[in-house]
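S.K.: The file below is data01.txt, compact mmCIF, C-alpha atoms and all ligand atoms:
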```
# COMPACT_ATOMS: atom_id res chain seq x y z
CA MET A 29 6.46 -15.59 -19.99
CA SER A 30 9.81 -13.95 -19.45
CA VAL A 31 10.97 -10.88 -17.68
CA GLU A 32 14.27 -9.16 -18.16
CA ALA A 33 16.98 -10.43 -15.82
CA PRO A 34 17.81 -8.18 -12.85
CA PRO A 35 20.41 -5.57 -13.73
CA ALA A 36 23.87 -5.78 -12.15
CA VAL A 37 23.48 -3.39 -9.22
CA LEU A 38 25.57 -2.95 -6.13
CA ASP A 39 22.65 -3.74 -3.86
CA PRO A 40 21.24 -7.20 -4.68
CA ALA A 41 18.00 -6.60 -2.70
CA ALA A 42 17.30 -3.42 -4.69
CA GLY A 43 18.00 -5.32 -7.92
CA ARG A 44 15.55 -8.08 -6.96
CA VAL A 45 12.88 -5.52 -6.07
CA GLN A 46 13.38 -3.64 -9.36
CA HIS A 47 13.14 -6.91 -11.29
CA ALA A 48 9.89 -7.79 -9.46
CA LEU A 49 8.41 -4.33 -10.07
CA ARG A 50 9.07 -4.56 -13.80
CA ALA A 51 7.34 -7.96 -13.93
CA LEU A 52 4.33 -6.73 -11.94
CA ALA A 53 4.04 -3.63 -14.10
CA ALA A 54 3.97 -5.97 -17.11
CA GLY A 55 1.03 -7.84 -15.51
CA GLU A 56 3.04 -10.96 -14.67
CA PRO A 57 3.21 -12.91 -11.41
CA ILE A 58 6.26 -12.93 -9.15
CA VAL A 59 7.39 -15.11 -6.26
CA LEU A 60 7.40 -13.43 -2.84
CA VAL A 61 9.32 -15.27 -0.12
CA ASP A 62 8.15 -14.85 3.45
CA ASP A 63 10.31 -14.18 6.45
CA VAL A 64 11.95 -17.31 7.91
CA ARG A 65 10.12 -16.66 11.20
CA ARG A 66 6.90 -16.99 9.22
CA GLY A 67 8.00 -20.30 7.68
CA GLY A 68 9.94 -19.02 4.64
CA GLU A 69 7.16 -19.99 2.26
CA GLY A 70 7.05 -18.65 -1.28
CA ALA A 71 3.82 -17.19 -2.60
CA LEU A 72 2.84 -16.37 -6.14
CA VAL A 73 1.73 -12.73 -6.30
CA LEU A 74 -0.13 -11.08 -9.17
CA PRO A 75 -1.54 -7.55 -9.46
CA ALA A 76 -5.28 -7.92 -8.82
CA GLY A 77 -5.90 -5.66 -11.80
CA ALA A 78 -4.01 -8.17 -14.00
CA ALA A 79 -6.13 -11.15 -12.90
CA THR A 80 -6.98 -13.02 -16.09
CA PRO A 81 -8.40 -16.56 -16.29
CA HIS A 82 -4.95 -17.68 -17.55
CA TRP A 83 -2.99 -16.26 -14.64
CA ILE A 84 -5.51 -17.26 -12.00
CA ALA A 85 -5.50 -20.81 -13.42
CA PHE A 86 -1.67 -20.68 -13.15
CA LEU A 87 -1.95 -19.65 -9.49
CA VAL A 88 -4.55 -22.34 -8.78
CA ARG A 89 -2.39 -25.02 -10.42
CA HIS A 90 0.82 -24.21 -8.54
CA THR A 91 -0.39 -22.96 -5.17
CA THR A 92 -2.65 -24.04 -2.32
CA GLY A 93 -5.47 -22.39 -4.28
CA PHE A 94 -6.45 -20.38 -1.20
CA LEU A 95 -6.41 -17.09 -3.10
CA ARG A 96 -6.28 -13.95 -1.00
CA VAL A 97 -6.32 -10.36 -2.17
CA ALA A 98 -4.29 -7.91 -0.09
CA MET A 99 -6.02 -4.53 -0.15
CA GLU A 100 -5.80 -1.12 1.49
CA GLU A 101 -7.88 -0.47 4.60
CA GLU A 102 -9.89 2.25 2.82
CA ALA A 103 -10.83 -0.17 0.03
CA CYS A 104 -11.99 -2.80 2.56
CA ASP A 105 -14.09 -0.14 4.29
CA ARG A 106 -15.51 1.18 1.01
CA LEU A 107 -16.49 -2.34 -0.11
CA GLU A 108 -17.89 -3.24 3.34
CA LEU A 109 -15.48 -6.11 3.88
CA PRO A 110 -15.24 -6.60 7.64
CA LEU A 111 -12.66 -8.84 9.29
CA MET A 112 -13.81 -12.48 9.47
CA ARG A 113 -13.43 -12.31 13.25
CA ARG A 114 -12.67 -9.28 15.38
CA ASP A 115 -11.42 -11.57 18.18
CA ARG A 116 -8.97 -13.30 15.89
CA THR A 117 -6.66 -15.83 17.51
CA ASP A 118 -3.97 -16.43 14.88
CA ARG A 119 -0.37 -15.82 16.00
CA PHE A 120 0.53 -13.16 13.47
CA GLY A 121 -2.53 -10.96 13.41
CA SER A 122 -3.36 -11.69 9.76
CA ALA A 123 -6.36 -9.59 8.82
CA LEU A 124 -8.51 -11.94 6.73
CA CYS A 125 -11.87 -10.44 5.81
CA VAL A 126 -15.21 -11.94 4.98
CA THR A 127 -14.97 -13.90 1.69
CA VAL A 128 -16.58 -12.65 -1.53
CA ASP A 129 -17.63 -13.54 -5.07
CA GLY A 130 -18.49 -11.10 -7.81
CA ALA A 131 -22.29 -10.91 -7.97
CA ASP A 132 -22.43 -12.09 -11.60
CA VAL A 133 -19.62 -14.66 -11.84
CA GLY A 134 -21.56 -17.94 -11.57
CA THR A 135 -20.53 -20.39 -8.83
CA GLY A 136 -17.50 -18.25 -8.06
CA ILE A 137 -14.95 -21.06 -7.75
CA SER A 138 -13.56 -21.46 -11.28
CA ALA A 139 -10.39 -19.59 -12.21
CA THR A 140 -12.43 -17.50 -14.64
CA ALA A 141 -14.96 -16.57 -11.95
CA ARG A 142 -12.26 -15.80 -9.39
CA ALA A 143 -10.36 -13.67 -11.93
CA ARG A 144 -13.49 -11.55 -12.37
CA THR A 145 -14.04 -11.24 -8.62
CA ILE A 146 -10.40 -10.28 -8.05
CA LYS A 147 -10.38 -7.70 -10.82
CA ALA A 148 -13.55 -6.13 -9.41
CA LEU A 149 -11.91 -5.89 -5.96
CA ALA A 150 -9.05 -3.88 -7.52
CA ARG A 151 -11.25 -1.34 -9.32
CA PRO A 152 -11.22 2.03 -7.53
CA ASP A 153 -14.92 2.56 -8.36
CA SER A 154 -16.28 -0.85 -7.35
CA HIS A 155 -19.01 -0.82 -4.72
CA PRO A 156 -20.30 -3.20 -2.02
CA GLY A 157 -23.33 -4.28 -4.07
CA GLU A 158 -21.06 -5.88 -6.67
CA PHE A 159 -20.14 -8.71 -4.29
CA ILE A 160 -21.86 -11.70 -2.68
CA ARG A 161 -20.74 -12.76 0.80
CA PRO A 162 -19.52 -15.44 1.60
CA GLY A 163 -17.66 -16.39 -1.56
CA HIS A 164 -14.45 -17.97 -2.83
CA VAL A 165 -11.94 -15.12 -2.66
CA VAL A 166 -10.46 -13.87 0.64
CA PRO A 167 -9.72 -10.14 0.90
CA VAL A 168 -6.94 -9.32 3.39
CA ARG A 169 -6.74 -5.94 5.05
CA ALA A 170 -3.20 -4.52 4.69
CA ARG A 171 -2.35 -1.95 7.33
CA ASN A 172 -2.12 1.72 6.37
CA GLY A 173 1.55 2.63 6.09
CA GLY A 174 2.36 -0.76 4.57
CA LEU A 175 5.57 -2.48 5.65
CA SER A 176 6.56 0.37 7.92
CA ALA A 177 3.41 -0.32 9.97
CA ARG A 178 3.52 -4.14 9.85
CA GLU A 179 6.00 -6.53 8.21
CA GLY A 180 3.38 -8.94 6.91
CA ARG A 181 2.87 -10.48 3.52
CA ALA A 182 -0.33 -8.50 2.94
CA GLU A 183 1.55 -5.22 3.44
CA ALA A 184 4.44 -6.40 1.22
CA VAL A 185 1.99 -7.20 -1.58
CA VAL A 186 0.26 -3.80 -1.38
CA ASP A 187 3.61 -1.95 -1.13
CA LEU A 188 4.90 -3.79 -4.21
CA MET A 189 1.80 -2.75 -6.16
CA ARG A 190 2.24 0.87 -5.07
CA LEU A 191 5.95 0.82 -5.93
CA ALA A 192 5.04 -0.56 -9.36
CA ALA A 193 2.52 2.31 -9.73
CA LEU A 194 -0.39 -0.15 -9.96
CA ALA A 195 -3.77 -0.26 -8.23
CA PRO A 196 -2.91 -1.15 -4.59
CA ALA A 197 -4.33 -4.68 -4.53
CA GLY A 198 -2.60 -7.98 -5.24
CA VAL A 199 -3.69 -11.60 -5.24
CA PHE A 200 -1.40 -14.13 -3.57
CA SER A 201 -1.24 -17.79 -2.57
CA GLU A 202 1.50 -20.10 -1.31
CA ILE A 203 3.31 -22.31 -3.84
CA VAL A 204 3.04 -26.01 -3.05
CA ALA A 205 6.05 -28.34 -2.89
CA SER A 206 6.90 -29.94 -6.24
CA GLU A 207 6.75 -33.46 -4.79
CA LEU A 208 3.38 -34.62 -3.43
CA THR A 209 4.52 -34.23 0.15
CA GLY A 210 1.46 -32.26 1.15
CA GLU A 211 3.68 -29.32 2.15
CA THR A 212 4.20 -25.82 0.83
CA ALA A 213 7.41 -24.84 -1.00
CA ARG A 214 10.03 -23.65 1.50
CA GLY A 215 13.77 -23.13 1.78
CA ARG A 216 15.34 -23.11 -1.68
CA GLU A 217 12.19 -24.34 -3.42
CA PRO A 218 10.44 -20.99 -4.06
CA ALA A 219 13.57 -19.63 -5.81
CA ARG A 220 13.84 -22.85 -7.82
CA PHE A 221 10.19 -22.53 -8.83
CA ALA A 222 10.78 -18.91 -9.89
CA ALA A 223 13.80 -19.89 -12.02
CA GLU A 224 11.95 -22.79 -13.62
CA HIS A 225 9.03 -20.53 -14.63
CA GLU A 226 11.23 -17.47 -15.40
CA LEU A 227 9.59 -15.40 -12.68
CA ALA A 228 11.11 -12.65 -10.59
CA CYS A 229 11.72 -13.65 -6.98
CA VAL A 230 11.88 -11.23 -4.07
CA SER A 231 11.61 -11.55 -0.29
CA VAL A 232 9.53 -9.53 2.16
CA SER A 233 12.79 -8.39 3.78
CA ASP A 234 14.10 -7.14 0.39
CA VAL A 235 11.03 -4.92 0.10
CA VAL A 236 11.38 -3.75 3.73
CA ALA A 237 15.04 -2.82 3.08
CA CYS A 238 14.13 -0.88 -0.07
CA ARG A 239 11.35 1.01 1.65
CA ARG A 240 13.66 1.92 4.55
CA ARG A 241 16.18 3.39 2.15
CA SER A 242 13.67 5.35 0.08
CA ASP A 243 11.18 6.48 2.76
CA PRO A 244 11.69 9.99 4.07
CA GLN A 245 12.63 9.84 7.76
CA LEU A 246 10.90 12.37 9.98
CA VAL A 247 10.89 13.32 13.65
CA ARG A 248 7.89 14.86 15.34
CA THR A 249 9.16 18.11 16.84
CA GLY A 250 5.98 19.45 18.42
CA ASP A 251 2.35 18.70 19.20
CA THR A 252 0.33 21.51 20.78
CA PRO A 253 -3.36 22.43 21.05
CA ALA A 254 -4.28 25.23 18.66
CA GLY A 255 -5.83 27.23 21.51
CA GLU A 256 -9.22 27.85 23.09
CA ALA A 257 -10.68 29.33 19.93
CA PHE A 258 -10.12 26.01 18.15
CA PRO A 259 -11.20 23.19 20.48
CA GLY A 260 -10.01 19.72 19.42
CA VAL A 261 -7.47 21.12 16.94
CA ARG A 262 -3.74 20.32 17.25
CA LEU A 263 -0.69 21.76 15.55
CA VAL A 264 1.83 19.00 14.91
CA THR A 265 5.26 19.81 13.52
CA TYR A 266 7.86 17.58 11.87
CA ARG A 267 11.46 17.83 10.71
CA GLY A 268 13.12 15.70 8.02
CA THR A 269 16.18 14.02 9.54
CA ALA A 270 18.14 14.12 6.28
CA ASP A 271 17.14 17.52 4.89
CA GLU A 272 16.04 19.40 8.04
CA ALA A 273 12.92 20.64 6.20
CA GLY A 274 10.04 21.53 8.54
CA HIS A 275 6.44 20.43 7.94
CA LEU A 276 3.17 21.27 9.66
CA ALA A 277 0.00 19.21 10.19
CA ILE A 278 -3.21 20.78 11.46
CA VAL A 279 -5.25 18.00 12.96
CA ALA A 280 -8.92 18.33 13.89
CA GLY A 281 -10.48 15.47 15.86
CA ASP A 282 -9.48 11.82 15.58
CA PRO A 283 -6.94 11.43 12.74
CA ARG A 284 -7.93 7.80 12.08
CA GLY A 285 -9.89 7.64 8.85
CA ALA A 286 -10.10 11.46 8.71
CA PRO A 287 -9.86 13.18 5.30
CA VAL A 288 -6.42 14.53 4.41
CA VAL A 289 -5.52 17.66 2.43
CA VAL A 290 -1.90 18.00 1.33
CA HIS A 291 -0.38 21.34 0.39
CA ARG A 292 3.11 22.12 -0.85
CA GLU A 293 4.40 25.23 0.82
CA CYS A 294 5.03 28.11 -1.57
CA VAL A 295 7.44 30.88 -0.64
CA ASP A 296 5.51 33.47 -2.67
CA GLY A 297 2.00 32.67 -1.46
CA ASN A 298 2.55 31.18 2.01
CA VAL A 299 5.70 32.85 3.32
CA LEU A 300 5.80 36.25 1.58
CA GLY A 301 1.99 36.51 1.34
CA LEU A 302 2.12 37.61 -2.30
CA SER A 303 -1.05 37.46 -4.36
CA THR A 304 0.82 36.51 -7.54
CA CYS A 305 -0.41 32.93 -7.02
CA ASP A 306 -3.34 31.36 -5.17
CA CYS A 307 -1.24 29.21 -2.79
CA GLY A 308 -2.10 31.44 0.18
CA ILE A 309 -5.81 31.12 -0.51
CA ARG A 310 -5.63 27.36 -1.13
CA TRP A 311 -3.84 26.72 2.18
CA ARG A 312 -6.24 28.98 4.08
CA ASP A 313 -9.22 27.16 2.51
CA ALA A 314 -7.73 23.77 3.41
CA VAL A 315 -7.21 24.79 7.04
CA GLU A 316 -10.66 26.35 7.30
CA SER A 317 -12.42 23.26 5.93
CA VAL A 318 -10.57 20.96 8.36
CA VAL A 319 -11.19 23.22 11.37
CA ARG A 320 -14.82 23.94 10.51
CA SER A 321 -15.73 20.28 9.92
CA GLY A 322 -14.02 19.29 13.21
CA ARG A 323 -12.41 16.27 11.56
CA GLY A 324 -9.52 16.22 9.13
CA ILE A 325 -5.81 16.71 8.57
CA ALA A 326 -4.29 19.61 6.61
CA ILE A 327 -0.61 19.08 5.89
CA SER A 328 1.84 21.66 4.58
CA ILE A 329 5.04 20.17 3.19
CA ARG A 330 8.20 22.24 2.77
CA LEU A 331 10.64 20.87 0.23
CA PRO A 332 14.28 21.57 1.11
CA ASP A 333 15.11 23.03 -2.28
CA ALA A 334 12.13 25.41 -2.28
CA SER A 335 12.85 28.24 -4.64
CA PRO A 336 11.16 31.61 -4.29
CA ALA A 337 9.08 30.78 -7.36
CA CYS A 338 5.64 29.37 -6.72
CA PRO A 339 5.73 25.54 -7.16
CA ALA A 340 2.23 25.66 -8.71
CA ARG A 341 3.84 27.37 -11.70
CA ASP A 342 5.92 24.33 -12.57
CA LEU A 343 2.99 22.04 -13.06
CA GLY A 344 3.11 18.43 -11.91
CA THR A 345 3.34 17.02 -8.43
CA ASP A 346 6.66 16.26 -6.81
CA PRO A 347 6.66 12.62 -5.57
CA ARG A 348 8.52 13.75 -2.44
CA VAL A 349 5.42 15.63 -1.29
CA ALA A 350 3.27 12.48 -1.38
CA ALA A 351 5.98 10.42 0.34
CA VAL A 352 6.41 12.89 3.23
CA ALA A 353 2.64 13.30 3.60
CA GLU A 354 2.19 9.53 3.78
CA ARG A 355 4.75 9.31 6.61
CA ILE A 356 3.03 12.13 8.51
CA VAL A 357 -0.43 10.54 8.16
CA GLN A 358 0.99 7.22 9.25
CA ASP A 359 2.56 8.82 12.33
CA LEU A 360 -0.62 10.71 13.24
CA ARG A 361 -2.77 7.61 12.91
CA GLY A 362 -0.37 5.61 15.05
O1 LIG B 1 -2.74 -17.26 5.34
C1 LIG B 1 -1.79 -16.70 5.79
C2 LIG B 1 -0.49 -17.36 6.02
O2 LIG B 1 -0.53 -18.69 5.62
C3 LIG B 1 -1.88 -15.26 6.12
O3 LIG B 1 -3.04 -15.07 6.80
C4 LIG B 1 -1.87 -14.39 4.93
O4 LIG B 1 -0.81 -14.76 4.12
C5 LIG B 1 -1.69 -12.94 5.34
O5 LIG B 1 -0.34 -12.77 5.58
P1 LIG B 1 0.26 -11.79 6.63
O6 LIG B 1 -0.32 -12.13 7.98
O7 LIG B 1 1.75 -12.04 6.58
O8 LIG B 1 -0.11 -10.43 6.17
```
Please express what this file holds, its structure, as structure tokens.
M.R.:
Amino acid sequence: MSVEAPPAVLDPAAGRVQHALRALAAGEPIVLVDDVRRGGEGALVLPAGAATPHWIAFLVRHTTGFLRVAMEEEACDRLELPLMRRDRTDRFGSALCVTVDGADVGTGISATARARTIKALARPDSHPGEFIRPGHVVPVRARNGGLSAREGRAEAVVDLMRLAALAPAGVFSEIVASELTGETARGREPARFAAEHELACVSVSDVVACRRRSDPQLVRTGDTPAGEAFPGVRLVTYRGTADEAGHLAIVAGDPRGAPVVVHRECVDGNVLGLSTCDCGIRWRDAVESVVRSGRGIAISIRLPDASPACPARDLGTDPRVAAVAERIVQDLRG
């Protein structure tokens, strides 16, 4: 196994993150070093979708073997994976869920069996009936919003998968010390392990720093009821601190878990009301469906460089729209 060395960049944290993303995208494990306040342990992290018997055996050999899969909240809900305990008492609020095995993987404990379970957890179309509970793999619920909502390892793992454009689920486990001390690898040891096995090594704080730099920063500029004709509906406005672009969210009912429709504002269809494109109709339909159902979020994003031409004409989605919408949803869901 070998991944290209990090490029010489001015920002070492960004270089380490880029190196890690390339390795993950290639289906290889990386070392993720925890915050010092959390013990500074190093964990091996692998995309759940890349879980093969070989790589899971590698994780089992070099780590505690307590394999957890960090997953998005929606995936945990879809697969009916509740928290192990609602009244959890651990210091850091880790969100460990009920353990699982794939329904057809045998005893569930071998590396081969766990690889199959882990891969199934990462599939976007897997369903609750595919898993037996309890089992030998521990799903962990990563908070919506990732590291900007909580600076935990679970969120770092899911953010890394998203940044690498992979399915948002990753398996992780702490590397054990090389001597039989009974401890986990800490201090300089995780980096040494990474070098010895030619793995990329990144820290949770590196990923936090990268996200801070690349995330769009927004301020909420208004939050008003839509009026008596629309009970339970709010109009929430935002402004980008860097680009001053204004965005609007129409929120019906409780935003937590509510469906979200994202629309990119079009000068032709939404501002000038022209019928040369269907942007006006699409936005009106989105708002109507949210208001009529009484539960949902319709977001209209204005990009700062909006040209008079309809954005639907230049096909393809602008990644800035998704990034701004994610920040707005995160803010609304608190
Ligand atoms: O087992 C653990 C630490 O040993 C944690 O529960 C697990 O790593 C989840 O991490 P975090 O709370 O940082 O998201």
S.K.: Please indicate the distance in Å from atom CA of Thr145 of chain A to atom CA of Glu211 of chain A, rounded to one decimal place.
M.R.: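 Pair atom CA of Thr145 of chain A / atom CA of Glu211 of chain A returns 27.5 Å.
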S.K.: Report, in Å with one decimal, the straight-line distance from atom CA of Val185 of chain A to atom CA of Ala76 of chain A.
M.R.: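 Taking atom CA of Val185 of chain A as the start and atom CA of Ala76 of chain A as the end point, the length is 10.3 Å.
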S.K.: Return as a JSON list (two decimals) with C-alpha atoms, in the coordinates of the input every polymer residue, whether protein, DNA or RNA, with at least one atom no more than 6 Å from an atom of ligand LIG 1 (chain B); count all atoms listed in the file.
M.R.:
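Saved file pocket.json follows:
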```json
[["chain", "number", "residue", "atom", "x", "y", "z"],
["A", 120, "PHE", "CA", 0.53, -13.16, 13.47],
["A", 121, "GLY", "CA", -2.53, -10.96, 13.41],
["A", 122, "SER", "CA", -3.36, -11.69, 9.76],
["A", 180, "GLY", "CA", 3.38, -8.94, 6.91],
["A", 181, "ARG", "CA", 2.87, -10.48, 3.52],
["A", 182, "ALA", "CA", -0.33, -8.50, 2.94]]
```
S.K.: Closest to Val290 of chain A among A:Ala326, A:Cys229, A:Val199, A:Val261, using only C-alpha atoms?
M.R.: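 The answer is A:Ala326, which sits nearest to Val290 of chain A.
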S.K.: Considering all atoms listed in the file, can you say which of A:Ala205, A:Ala98, A:Val264, A:Leu52 comes closest to Glu217 of chain A?
M.R.: A:Ala205
S.K.: May I ask for the distance between atom CA of Pro40 of chain A and atom CA of Val235 of chain A, given in Å to one decimal place?
M.R.: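 About the pair atom CA of Pro40 of chain A and atom CA of Val235 of chain A: they are 11.5 Å apart.
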S.K.: What are the nearest atom pairs, with distances in Å to one decimal, for all residues of segment 119-179 of chain A that come at most 9 Å from segment 108-112 of chain A, using all atoms listed in the file, set out by chain and rising residue number as JSON lines?
M.R.:
```
{"residue": "A:Ala123", "atom": "CA", "partner": "A:Leu111", "partner_atom": "CA", "distance": 6.4}
{"residue": "A:Leu124", "atom": "CA", "partner": "A:Leu111", "partner_atom": "CA", "distance": 5.8}
{"residue": "A:Cys125", "atom": "CA", "partner": "A:Leu111", "partner_atom": "CA", "distance": 3.9}
{"residue": "A:Val126", "atom": "CA", "partner": "A:Met112", "partner_atom": "CA", "distance": 4.7}
{"residue": "A:Thr127", "atom": "CA", "partner": "A:Met112", "partner_atom": "CA", "distance": 8.0}
{"residue": "A:Val128", "atom": "CA", "partner": "A:Leu109", "partner_atom": "CA", "distance": 8.6}
{"residue": "A:His155", "atom": "CA", "partner": "A:Glu108", "partner_atom": "CA", "distance": 8.5}
{"residue": "A:Pro156", "atom": "CA", "partner": "A:Glu108", "partner_atom": "CA", "distance": 5.9}
{"residue": "A:Pro167", "atom": "CA", "partner": "A:Leu109", "partner_atom": "CA", "distance": 7.6}
{"residue": "A:Val168", "atom": "CA", "partner": "A:Leu111", "partner_atom": "CA", "distance": 8.2}
{"residue": "A:Arg169", "atom": "CA", "partner": "A:Leu111", "partner_atom": "CA", "distance": 7.8}
```
